[in-house]
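Let me begin by presenting the structure, written as structure tokens, before commenting on it.
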Amino acid sequence: MTDLIPVSSALDEETARAEVYGLLAALYYAPPDHELLAQLRVAVTEAPAAGGFLEEPWRQLVGVTRELDDQQVANEYDTLFGGVGKPEIYLFGSHYLSGFLNEKPLAQLRSDLAALGLSRDETMPETEDHIAYLCEVMRYLIAGDDVEVANLTQQQKFFGAHVQTWVPAMCDAISAHPRARFYAALAEFTRAFVSVESQGFDMMA
């Protein structure tokens, strides 16, 4: 589903999807470290086939990463998502689905995770409806070894219930923030990737 990197087989394509989810999880969970930003700055920006849907938002993300230093990216993360009390922008699904944190959408998510045999690591301070957590779940459903859980049917169900329903609204909020540069580019890439995933799952219906 992703055209970010060359794919020669369905297996390669699934690996690429899992890697994109892993990257999104890392970038939304905390300010990215120097190593991750350094990798982004030297990333290839041309898709293997011209006109790839993700090519331009990926190019924009890499370009912004090259323009900003590590501290600027970290400061932007703290401005948008950190601070004491109410953040400028929420990264939690419940906020977008119900208007409040820790509401029914989170309870339903926990029930669905339990059905998959998954639970939150007690060392993780955020609730399960954090975008980074959901991306990690999708990565597991793509790349996990347990085929009873890690399969396209489970991916489609989880994505439709817990990602597609609110992540575009989060991207809108980030893109509209006047102090967002790196994360505005990340939001546009996220929006494009979610759209590609949605189209792929629609083809399964």
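For the structure tokens, the naming scheme is as follows: chains receive sequential letters (A, B, ...) according to their order of presentation, residues are indexed from 1 within each chain, and ligands are indexed from 1 in presentation order.
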
Excluding Asp78 of chain A and residues on its chain fewer than 5 positions from it, collect all residues at most 9 Å away from it, counting only C-alpha atoms, and give them as a ChimeraX atom specification. /A:30-31,73,83,87

Would you mind listing what lies within 12 Å of Thr65 of chain A as number ranges by chain, with only C-alpha atoms counted and same-chain residues fewer than 2 positions away left out? A: 27, 32, 34, 36-43, 58-63, 67-74, 181-186

Would you please extract all helix (DSSP H, G or I) residues from chain A, as assigned by DSSP on the backbone, and give them as a ChimeraX atom specification? /A:10-29,34-41,55-67,70-81,93-98,104-115,131-143,152-162,167-176,182-204

Closest to Tyr21 of chain A among A:Tyr90, A:Tyr133, A:Tyr96, A:Phe53, using only C-alpha atoms? A:Tyr133

Selected residue of minimal separation from Asp202 of chain A among A:Leu80, A:Ala16, A:Gln156, A:His177, counting only C-alpha atoms: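 The answer is A:Gln156, which sits nearest to Asp202 of chain A.
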
Distance criterion (only C-alpha atoms): nearest to Ala26 of chain A out of A:Leu116, A:Met124, A:Ala169, A:Cys135: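 The closest residue to Ala26 of chain A is A:Cys135.
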
Residues at most 12 Å from Ala107 of chain A, counting only C-alpha atoms, excluding those fewer than 4 positions away in the same chain, as a ChimeraX atom specification? /A:93-94,98,101-103,111-114,127-129,162

As an exercise, work out the distance from atom CA of Ser119 of chain A to atom CA of Cys171 of chain A in Å and give it to one decimal place.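 Going from atom CA of Ser119 of chain A over to atom CA of Cys171 of chain A covers 25.9 Å.
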
Please identify all polymer residues within 7 Å of Phe193 of chain A, counting only C-alpha atoms, omitting same-chain residues fewer than 4 positions from it, and present them as a list in words.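 After dropping sequence-adjacent residues, the list is Leu54, Phe189 and Glu197 of chain A.
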
Just to be explicit: take each residue in the selection above, keep all heavy atoms, and write the result as a PDB file, in the first residue's frame.
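Result written to again11.pdb:
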```pdb
ATOM      1  N   LEU A  54       2.251   9.182  -2.105  1.00  0.00           N
ATOM      2  CA  LEU A  54       2.963   9.573  -0.887  1.00  0.00           C
ATOM      3  C   LEU A  54       4.254  10.339  -1.169  1.00  0.00           C
ATOM      4  O   LEU A  54       4.875  10.851  -0.243  1.00  0.00           O
ATOM      5  CB  LEU A  54       3.292   8.330  -0.053  1.00  0.00           C
ATOM      6  CG  LEU A  54       2.118   7.542   0.496  1.00  0.00           C
ATOM      7  CD1 LEU A  54       2.612   6.319   1.257  1.00  0.00           C
ATOM      8  CD2 LEU A  54       1.233   8.396   1.385  1.00  0.00           C
ATOM      9  N   PHE A 189       1.851  14.067   5.735  1.00  0.00           N
ATOM     10  CA  PHE A 189       2.270  12.720   5.349  1.00  0.00           C
ATOM     11  C   PHE A 189       1.368  11.671   5.999  1.00  0.00           C
ATOM     12  O   PHE A 189       0.970  10.695   5.357  1.00  0.00           O
ATOM     13  CB  PHE A 189       3.727  12.478   5.738  1.00  0.00           C
ATOM     14  CG  PHE A 189       4.178  11.072   5.472  1.00  0.00           C
ATOM     15  CD1 PHE A 189       4.401  10.640   4.173  1.00  0.00           C
ATOM     16  CD2 PHE A 189       4.357  10.172   6.514  1.00  0.00           C
ATOM     17  CE1 PHE A 189       4.803   9.332   3.915  1.00  0.00           C
ATOM     18  CE2 PHE A 189       4.753   8.869   6.262  1.00  0.00           C
ATOM     19  CZ  PHE A 189       4.974   8.447   4.960  1.00  0.00           C
ATOM     20  N   GLU A 197      -3.976   3.756   3.046  1.00  0.00           N
ATOM     21  CA  GLU A 197      -4.419   2.579   3.794  1.00  0.00           C
ATOM     22  C   GLU A 197      -5.932   2.383   3.647  1.00  0.00           C
ATOM     23  O   GLU A 197      -6.402   1.261   3.439  1.00  0.00           O
ATOM     24  CB  GLU A 197      -4.052   2.739   5.273  1.00  0.00           C
ATOM     25  CG  GLU A 197      -2.579   2.618   5.573  1.00  0.00           C
ATOM     26  CD  GLU A 197      -2.124   1.169   5.592  1.00  0.00           C
ATOM     27  OE1 GLU A 197      -2.234   0.510   6.627  1.00  0.00           O
ATOM     28  OE2 GLU A 197      -1.667   0.679   4.533  1.00  0.00           O
TER      29      GLU A 197
END
```

Residue among A:Ala173, A:Met203, A:Ala143, A:Ile131 lying closest to Phe92 of chain A, counting only C-alpha atoms: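 Closest to Phe92 of chain A, using only C-alpha atoms: A:Ile131.
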
For a test of reading the model, state the distance in Å between atom CA of Gly160 of chain A and atom CA of Phe100 of chain A, rounded to one decimal.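 The value is 20.5 Å.
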